[in-house]
>>> print(open('target_22.txt').read())   # compact mmCIF, C-alpha atoms
# COMPACT_ATOMS: atom_id res chain seq x y z
CA MET A 1223 76.13 42.80 -17.70
CA ALA A 1224 78.85 40.32 -18.58
CA SER A 1225 82.08 41.63 -20.10
CA MET A 1226 85.14 39.63 -21.14
CA THR A 1227 88.72 40.73 -21.76
CA LEU A 1228 90.18 38.97 -24.80
CA ARG A 1229 93.30 36.95 -23.99
CA GLY A 1230 95.46 34.67 -26.10
CA THR A 1231 93.81 35.50 -29.40
CA GLY A 1232 97.10 36.02 -31.20
CA THR A 1233 95.62 39.15 -32.77
CA PRO A 1234 95.82 42.92 -32.12
CA CYS A 1235 92.54 42.54 -30.19
CA ASP A 1236 94.28 41.00 -27.16
CA GLY A 1237 93.41 43.03 -24.07
CA ARG A 1238 90.21 44.37 -25.64
CA VAL A 1239 86.98 44.24 -23.63
CA VAL A 1240 83.94 42.65 -25.25
CA ASP A 1241 80.36 42.55 -23.97
CA ILE A 1242 79.11 38.97 -24.15
CA GLY A 1243 75.92 39.54 -22.16
CA ALA A 1244 73.67 42.55 -22.72
CA SER A 1245 74.79 44.47 -25.79
CA TYR A 1246 73.27 47.86 -25.02
CA PHE A 1247 70.68 49.68 -22.94
CA THR A 1248 67.92 52.21 -23.52
CA VAL A 1249 66.68 55.09 -21.38
CA SER A 1250 63.16 56.22 -20.53
CA ASP A 1251 62.98 56.82 -16.75
CA PRO A 1252 63.98 60.40 -15.74
CA GLY A 1253 66.02 59.20 -12.77
CA PHE A 1254 67.96 56.73 -14.88
CA ALA A 1255 68.38 59.39 -17.59
CA ALA A 1256 70.14 61.66 -15.08
CA VAL A 1257 72.52 58.84 -14.18
CA VAL A 1258 73.23 58.10 -17.84
CA ASP A 1259 73.86 61.80 -18.56
CA ALA A 1260 76.50 61.86 -15.81
CA LEU A 1261 78.07 58.65 -17.11
CA GLN A 1262 78.14 60.08 -20.61
CA ASP A 1263 79.84 63.27 -19.37
CA ALA A 1264 82.45 61.07 -17.66
CA GLY A 1265 83.08 59.11 -20.86
CA VAL A 1266 81.81 55.84 -19.38
CA VAL A 1267 78.94 55.41 -21.86
CA ARG A 1268 78.18 56.69 -25.35
CA PRO A 1269 75.15 56.84 -27.62
CA TRP A 1270 75.60 53.98 -30.07
CA THR A 1271 72.74 53.76 -32.56
CA THR A 1272 69.01 54.18 -33.09
CA GLY A 1273 68.62 51.33 -35.57
CA PHE A 1274 69.52 47.66 -35.95
CA HIS A 1275 69.31 45.47 -39.01
CA VAL A 1276 66.82 42.63 -39.21
CA ALA A 1277 67.65 39.34 -40.90
CA GLY A 1278 65.47 36.52 -42.12
CA PRO A 1279 66.13 33.21 -43.86
CA GLU A 1280 67.46 35.06 -46.93
CA GLY A 1281 69.86 37.30 -44.99
CA LEU A 1282 69.70 41.02 -44.14
CA ALA A 1283 66.23 42.38 -44.80
CA GLY A 1284 66.23 46.00 -43.58
CA ILE A 1285 66.68 48.23 -40.55
CA LYS A 1286 64.43 48.55 -37.50
CA SER A 1287 64.64 52.02 -35.91
CA GLY A 1288 63.86 52.96 -32.33
CA ALA A 1289 65.20 54.78 -29.29
CA TRP A 1290 68.86 55.50 -28.72
CA ARG A 1291 70.85 52.46 -27.66
CA TYR A 1292 73.78 53.21 -25.38
CA ALA A 1293 77.04 51.28 -25.14
CA ALA A 1294 80.15 51.49 -22.95
CA PRO A 1295 83.64 51.75 -24.51
CA GLY A 1296 85.07 49.82 -21.54
CA GLY A 1297 82.30 47.22 -21.51
CA LEU A 1298 78.99 47.47 -19.67
CA ARG A 1299 80.65 46.13 -16.52
CA SER A 1300 82.46 49.48 -16.37
CA VAL A 1301 79.08 51.15 -15.71
CA VAL A 1302 78.69 49.18 -12.49
CA GLU A 1303 82.28 49.93 -11.50
CA ALA A 1304 81.81 53.66 -12.15
CA LEU A 1305 78.62 53.80 -10.08
CA ALA A 1306 80.32 51.93 -7.23
CA ALA A 1307 83.48 54.06 -7.27
CA PRO A 1308 82.24 56.76 -4.82
CA LEU A 1309 81.43 54.16 -2.16
CA PRO A 1310 83.95 53.85 0.70
CA ASP A 1311 84.63 50.08 0.62
CA VAL A 1312 83.99 48.13 -2.59
CA ARG A 1313 85.53 44.71 -3.14
CA LEU A 1314 85.26 43.29 -6.64
CA ASP A 1315 85.56 39.62 -7.62
CA THR A 1316 84.83 38.41 -4.09
CA GLU A 1317 83.01 35.09 -3.86
CA VAL A 1318 79.99 34.92 -1.55
CA LYS A 1319 78.66 31.48 -0.61
CA ARG A 1320 75.92 32.11 1.92
CA VAL A 1321 73.67 34.95 3.13
CA GLU A 1322 71.49 34.33 6.17
CA ALA A 1323 69.93 36.12 9.13
CA ALA A 1324 70.16 35.31 12.85
CA ASP A 1325 69.08 37.33 15.88
CA ASP A 1326 68.15 40.36 13.75
CA ARG A 1327 71.58 40.33 12.10
CA VAL A 1328 72.53 39.62 8.51
CA LEU A 1329 75.38 37.16 8.09
CA VAL A 1330 77.41 37.03 4.88
CA ASP A 1331 79.53 33.89 4.93
CA GLY A 1332 79.23 33.99 8.73
CA GLN A 1333 80.36 37.61 9.03
CA PRO A 1334 77.92 40.29 10.29
CA ALA A 1335 76.62 42.86 7.81
CA GLY A 1336 74.16 45.71 8.08
CA ALA A 1337 72.11 44.53 5.11
CA ALA A 1338 72.37 42.44 1.98
CA ALA A 1339 71.15 43.40 -1.50
CA LEU A 1340 71.27 40.42 -3.84
CA CYS A 1341 71.25 41.79 -7.37
CA LEU A 1342 71.25 38.62 -9.43
CA PRO A 1343 68.87 36.10 -11.03
CA HIS A 1344 66.36 34.29 -8.82
CA PRO A 1345 67.93 30.80 -9.24
CA GLN A 1346 71.31 32.11 -8.08
CA ALA A 1347 69.71 33.92 -5.14
CA ARG A 1348 68.12 30.67 -3.98
CA ARG A 1349 71.57 29.08 -3.87
CA LEU A 1350 72.80 31.83 -1.54
CA THR A 1351 69.99 32.11 0.97
CA SER A 1352 67.00 30.23 2.30
CA ARG A 1353 65.25 33.55 3.01
CA PHE A 1354 64.24 33.89 -0.63
CA ASP A 1355 61.17 31.68 -0.86
CA PHE A 1356 59.24 32.32 -4.09
CA ALA A 1357 59.78 30.79 -7.49
CA GLY A 1358 60.14 33.80 -9.77
CA PRO A 1359 60.16 33.57 -13.57
CA VAL A 1360 61.76 30.97 -15.79
CA TRP A 1361 65.14 32.06 -17.17
CA GLU A 1362 66.42 31.42 -20.69
CA PRO A 1363 70.06 30.45 -21.30
CA VAL A 1364 72.22 31.93 -24.04
CA MET A 1365 75.61 30.98 -25.46
CA ALA A 1366 77.63 34.04 -26.48
CA VAL A 1367 80.04 33.32 -29.34
CA THR A 1368 82.83 35.90 -29.77
CA CYS A 1369 84.62 35.94 -33.13
CA VAL A 1370 87.80 37.90 -33.94
CA PHE A 1371 88.43 38.31 -37.67
CA ALA A 1372 91.40 39.58 -39.64
CA GLU A 1373 89.24 42.39 -41.04
CA SER A 1374 85.63 43.54 -41.16
CA SER A 1375 84.44 42.09 -44.46
CA TRP A 1376 80.72 42.26 -43.64
CA PRO A 1377 78.25 45.04 -44.55
CA GLU A 1378 78.14 48.15 -42.36
CA ILE A 1379 75.99 47.16 -39.39
CA ASP A 1380 75.61 47.91 -35.69
CA GLY A 1381 73.65 44.84 -34.71
CA VAL A 1382 71.34 42.32 -36.36
CA PHE A 1383 68.19 40.75 -34.97
CA VAL A 1384 68.13 37.28 -36.56
CA ASN A 1385 64.50 36.17 -36.91
CA ASP A 1386 63.11 32.66 -37.42
CA ASP A 1387 66.50 31.00 -37.12
CA PRO A 1388 67.22 27.90 -34.98
CA VAL A 1389 70.85 28.84 -34.33
CA LEU A 1390 71.21 32.60 -33.67
CA THR A 1391 68.98 35.39 -32.40
CA TRP A 1392 71.42 38.34 -32.42
CA ILE A 1393 74.74 39.48 -33.88
CA ALA A 1394 76.54 42.57 -32.56
CA ASP A 1395 79.36 44.36 -34.35
CA ASP A 1396 81.56 45.04 -31.33
CA GLY A 1397 83.81 47.37 -33.31
CA SER A 1398 80.81 49.56 -34.04
CA ARG A 1399 79.64 49.28 -30.44
CA ARG A 1400 83.01 50.41 -29.06
CA GLY A 1401 83.60 52.94 -31.81
CA ASP A 1402 87.05 51.53 -32.65
CA GLN A 1403 85.91 49.47 -35.69
CA ALA A 1404 87.73 46.35 -34.47
CA PRO A 1405 86.82 43.24 -36.53
CA VAL A 1406 84.94 41.54 -33.68
CA LEU A 1407 81.45 40.04 -33.76
CA VAL A 1408 79.46 38.68 -30.82
CA ALA A 1409 76.59 36.32 -31.62
CA HIS A 1410 73.91 35.04 -29.24
CA VAL A 1411 72.80 31.45 -29.75
CA HIS A 1412 69.08 30.62 -29.70
CA PRO A 1413 67.91 29.68 -26.16
CA VAL A 1414 66.67 26.24 -27.24
CA LEU A 1415 69.99 25.35 -28.85
CA SER A 1416 71.87 26.91 -25.94
CA ALA A 1417 69.97 24.73 -23.45
CA ARG A 1418 71.06 21.62 -25.34
CA HIS A 1419 74.74 22.58 -25.10
CA LEU A 1420 75.05 24.00 -21.59
CA GLY A 1421 77.54 21.28 -20.67
CA ASP A 1422 79.76 21.94 -23.71
CA PRO A 1423 79.54 25.57 -24.89
CA GLN A 1424 82.26 25.18 -27.53
CA SER A 1425 80.15 22.63 -29.41
CA VAL A 1426 77.86 25.39 -30.73
CA ILE A 1427 80.73 27.19 -32.49
CA PRO A 1428 80.56 25.50 -35.95
CA ALA A 1429 76.82 26.15 -36.33
CA ALA A 1430 77.18 29.72 -35.02
CA ILE A 1431 79.97 30.59 -37.47
CA ALA A 1432 78.08 29.07 -40.40
CA THR A 1433 75.01 31.15 -39.52
CA ILE A 1434 77.05 34.35 -39.15
CA GLN A 1435 78.54 33.73 -42.59
CA ARG A 1436 75.10 33.14 -44.10
CA VAL A 1437 73.37 36.10 -42.45
CA LEU A 1438 76.17 38.58 -43.26
CA ASP A 1439 77.00 37.00 -46.64
CA ILE A 1440 80.69 36.54 -45.87
CA ARG A 1441 83.13 33.67 -46.39
CA ASP A 1442 85.80 34.75 -43.94
CA TYR A 1443 86.46 32.46 -40.97
CA PRO A 1444 87.43 34.03 -37.62
CA GLN A 1445 91.04 33.92 -36.51
CA TRP A 1446 89.90 33.26 -32.94
CA VAL A 1447 86.54 32.20 -31.51
CA GLU A 1448 85.18 31.29 -28.09
CA ALA A 1449 81.76 30.44 -26.67
CA LYS A 1450 80.71 31.43 -23.15
CA ARG A 1451 77.74 30.03 -21.26
CA TRP A 1452 75.22 32.52 -19.88
CA ALA A 1453 72.90 30.19 -17.97
CA PHE A 1454 70.46 32.83 -16.70
CA ALA A 1455 70.45 35.31 -19.54
CA LYS A 1456 66.86 36.50 -19.72
CA PRO A 1457 63.79 36.16 -17.50
CA LEU A 1458 60.62 35.15 -19.32
CA GLY A 1459 58.47 37.82 -17.78
CA ALA A 1460 59.14 40.12 -14.83
CA GLU A 1461 57.65 40.92 -11.46
CA PRO A 1462 55.62 44.17 -11.46
CA ALA A 1463 57.09 44.97 -8.04
CA GLU A 1464 60.35 46.91 -8.04
CA TYR A 1465 62.14 44.49 -5.69
CA TRP A 1466 61.66 41.81 -3.03
CA MET A 1467 62.62 42.27 0.61
CA ASP A 1468 62.46 39.85 3.52
CA GLU A 1469 59.78 40.75 6.06
CA GLU A 1470 62.06 40.15 9.05
CA ALA A 1471 65.65 40.75 7.98
CA PRO A 1472 67.23 43.51 5.83
CA ILE A 1473 67.86 41.14 2.92
CA GLY A 1474 66.52 42.02 -0.52
CA LEU A 1475 66.59 40.88 -4.11
CA ALA A 1476 66.72 43.15 -7.16
CA GLY A 1477 67.43 42.86 -10.85
CA ASP A 1478 65.99 42.89 -14.34
CA ALA A 1479 63.30 40.38 -13.39
CA PHE A 1480 61.60 43.21 -11.46
CA ALA A 1481 60.24 46.65 -12.35
CA GLY A 1482 58.69 45.46 -15.61
CA GLY A 1483 61.99 44.19 -17.05
CA PRO A 1484 63.94 42.58 -18.57
CA ARG A 1485 66.01 45.67 -19.32
CA ILE A 1486 69.18 47.17 -17.89
CA GLU A 1487 67.12 50.21 -16.96
CA ALA A 1488 64.74 47.95 -15.02
CA ALA A 1489 67.70 46.42 -13.17
CA TRP A 1490 68.88 49.91 -12.17
CA LEU A 1491 65.39 50.97 -11.05
CA SER A 1492 65.00 47.78 -9.05
CA GLY A 1493 68.37 48.10 -7.34
CA HIS A 1494 67.91 51.82 -6.66
CA GLN A 1495 64.55 51.29 -4.99
CA LEU A 1496 65.80 48.31 -2.99
CA GLY A 1497 68.73 50.37 -1.75
CA ALA A 1498 66.37 53.13 -0.62
CA ALA A 1499 64.11 50.60 1.12
CA LEU A 1500 67.05 48.98 2.93
CA ALA A 1501 68.28 52.40 4.06
CA THR A 1502 64.83 53.17 5.43
CA ARG A 1503 64.71 49.79 7.17
CA LEU A 1504 68.07 50.54 8.83
CA GLY A 1505 67.03 54.09 9.76
CA ALA A 1506 69.74 55.64 7.59
>>> encode(input="target_22.txt", output="structure tokens")
Amino acid sequence: MASMTLRGTGTPCDGRVVDIGASYFTVSDPGFAAVVDALQDAGVVRPWTTGFHVAGPEGLAGIKSGAWRYAAPGGLRSVVEALAAPLPDVRLDTEVKRVEAADDRVLVDGQPAGAAALCLPHPQARRLTSRFDFAGPVWEPVMAVTCVFAESSWPEIDGVFVNDDPVLTWIADDGSRRGDQAPVLVAHVHPVLSARHLGDPQSVIPAAIATIQRVLDIRDYPQWVEAKRWAFAKPLGAEPAEYWMDEEAPIGLAGDAFAGGPRIEAAWLSGHQLGAALATRLGA
């Protein structure tokens, strides 16, 4: 759940948080629903919409309705921060380079730890530890292009699924998502095009803006725009198991490539079950 704080835009949107990864989440599991209810009562999340527009080669073509999609006014990263807040010792933005096990102990960058839960994509987990020894699914990349406009000149939308297009797959109205109506759009670039530009994310900007203008039938050009690389955005398929755990050491892997994902709810279910399994392993 990647969030970005806008800086140096030269607009009133400076300091505003934008979700450049997952745009929303849905709820179906009763346990997750209880968590979301508590987060909603605390003002961390809000119901956003039950319908998104669909666009084809000719532009907007209708609305696809479904379950409630939830958003977070402070960015979806704030959900993780809120859930971690009751814990006694949480350190954010701390780099971890290596997780290993020796003599029945877990070592995180050489320091002893009771257990390690790696909640991240499989390719990144393999960089951290040699204990993780199966391939996992293939992951698609995405470039997220954030555009800040002078005003919202596009039709009233929440989000748009862009079908059969070689440049974009999704456009989110971030002002609608946050509920503050800020003139900010976030577009996701097609995985194939994203893969071609992983070394130079900014090079996708001209094509992304042109496609936004075509899909939303606008001529306005953003006052500020930036592209961010999301190398492991979406697993192509998911493990039916809820998590993976090492047979010998209390080291586990969880995320949205488990529990029938990819969904934020699946990531929560996976992490929740891994945490319970690690606690059982440690006798807690």
>>> residues_around(input="target_22.txt", residues="segment 1407-1415 of chain A", least_positions_apart="2", cutoff="9 Å", atoms="all atoms listed in the file", output="number ranges by chain")
A: 1240-1243, 1245, 1362-1371, 1387-1397, 1404-1405, 1417-1420, 1426, 1430-1431, 1434
>>> residues_around(input="target_22.txt", residues="segment 1338-1353 of chain A", least_positions_apart="2", cutoff="8 Å", atoms="only C-alpha atoms", output="PyMOL selection string")
chain A and resi 1318-1322+1328+1330+1335-1336+1355+1357-1359+1454+1468+1472-1477+1479+1493+1496-1497
>>> axis_aligned_box(input="target_22.txt", around="segment 1492-1505 of chain A", padding_each_side="8 Å", output="JSON")
{"center_x": 66.4, "center_y": 50.9, "center_z": 0.4, "size_x": 20.6, "size_y": 22.3, "size_z": 34.8}
>>> closest_residue(input="target_22.txt", among="A:Ala1324, A:Tyr1292, A:Ser1398, A:Met1467", to="Asp1259 of chain A", atoms="all atoms listed in the file")
A:Tyr1292
>>> closest_residue(input="target_22.txt", among="A:Trp1490, A:Tyr1465, A:Phe1354, A:Phe1383", to="Ser1250 of chain A", atoms="all atoms listed in the file")
A:Trp1490
>>> closest_residue(input="target_22.txt", among="A:Leu1329, A:Val1312, A:Ala1264, A:Ala1306", to="Ala1294 of chain A", atoms="all atoms listed in the file")
A:Ala1264
>>> atom_distance(input="target_22.txt", atom1="atom CA of Leu1504 of chain A", atom2="atom CA of Asp1325 of chain A")
15.0 Å
>>> closest_residue(input="target_22.txt", among="A:Gly1232, A:Gly1296, A:Pro1428, A:Pro1484", to="Ala1455 of chain A", atoms="all atoms listed in the file")
A:Pro1484
>>> closest_residue(input="target_22.txt", among="A:Pro1444, A:Gly1281, A:Pro1310, A:Gly1332", to="Asp1386 of chain A", atoms="only C-alpha atoms")
A:Gly1281
>>> residues_around(input="target_22.txt", residues="Thr1227 of chain A", least_positions_apart="2", cutoff="9 Å", atoms="all atoms listed in the file", output="NGL selection string")
:A and (1225 or 1229 or 1236-1241)
>>> write_last_selection(input="target_22.txt", atoms="C-alpha atoms", output="mmCIF file, in the frame of the given file")
data_model
loop_
_atom_site.group_PDB
_atom_site.id
_atom_site.type_symbol
_atom_site.label_atom_id
_atom_site.label_comp_id
_atom_site.auth_asym_id
_atom_site.auth_seq_id
_atom_site.Cartn_x
_atom_site.Cartn_y
_atom_site.Cartn_z
ATOM 1 C CA SER A 1225 82.080 41.630 -20.100
ATOM 2 C CA ARG A 1229 93.300 36.950 -23.990
ATOM 3 C CA ASP A 1236 94.280 41.000 -27.160
ATOM 4 C CA GLY A 1237 93.410 43.030 -24.070
ATOM 5 C CA ARG A 1238 90.210 44.370 -25.640
ATOM 6 C CA VAL A 1239 86.980 44.240 -23.630
ATOM 7 C CA VAL A 1240 83.940 42.650 -25.250
ATOM 8 C CA ASP A 1241 80.360 42.550 -23.970
#
>>> residues_near_point(input="target_22.txt", point="(79.6, 45.4, -44.7)", cutoff="10 Å", atoms="all atoms listed in the file", output="MDAnalysis selection string")
chainID A and resid 1374:1379 1438:1440
>>> write_last_selection(input="target_22.txt", atoms="C-alpha atoms", output="compact mmCIF listing (two decimals), in the frame of the given file")
# COMPACT_ATOMS: atom_id res chain seq x y z
CA SER A 1374 85.63 43.54 -41.16
CA SER A 1375 84.44 42.09 -44.46
CA TRP A 1376 80.72 42.26 -43.64
CA PRO A 1377 78.25 45.04 -44.55
CA GLU A 1378 78.14 48.15 -42.36
CA ILE A 1379 75.99 47.16 -39.39
CA LEU A 1438 76.17 38.58 -43.26
CA ASP A 1439 77.00 37.00 -46.64
CA ILE A 1440 80.69 36.54 -45.87
>>> atom_distance(input="target_22.txt", atom1="atom CA of Glu1469 of chain A", atom2="atom CA of Arg1503 of chain A")
10.4 Å
>>> atom_distance(input="target_22.txt", atom1="atom CA of Gly1459 of chain A", atom2="atom CA of Leu1261 of chain A")
28.6 Å
>>> closest_residue(input="target_22.txt", among="A:Arg1485, A:Arg1451, A:His1275, A:Arg1327", to="Gly1421 of chain A", atoms="only C-alpha atoms")
A:Arg1451
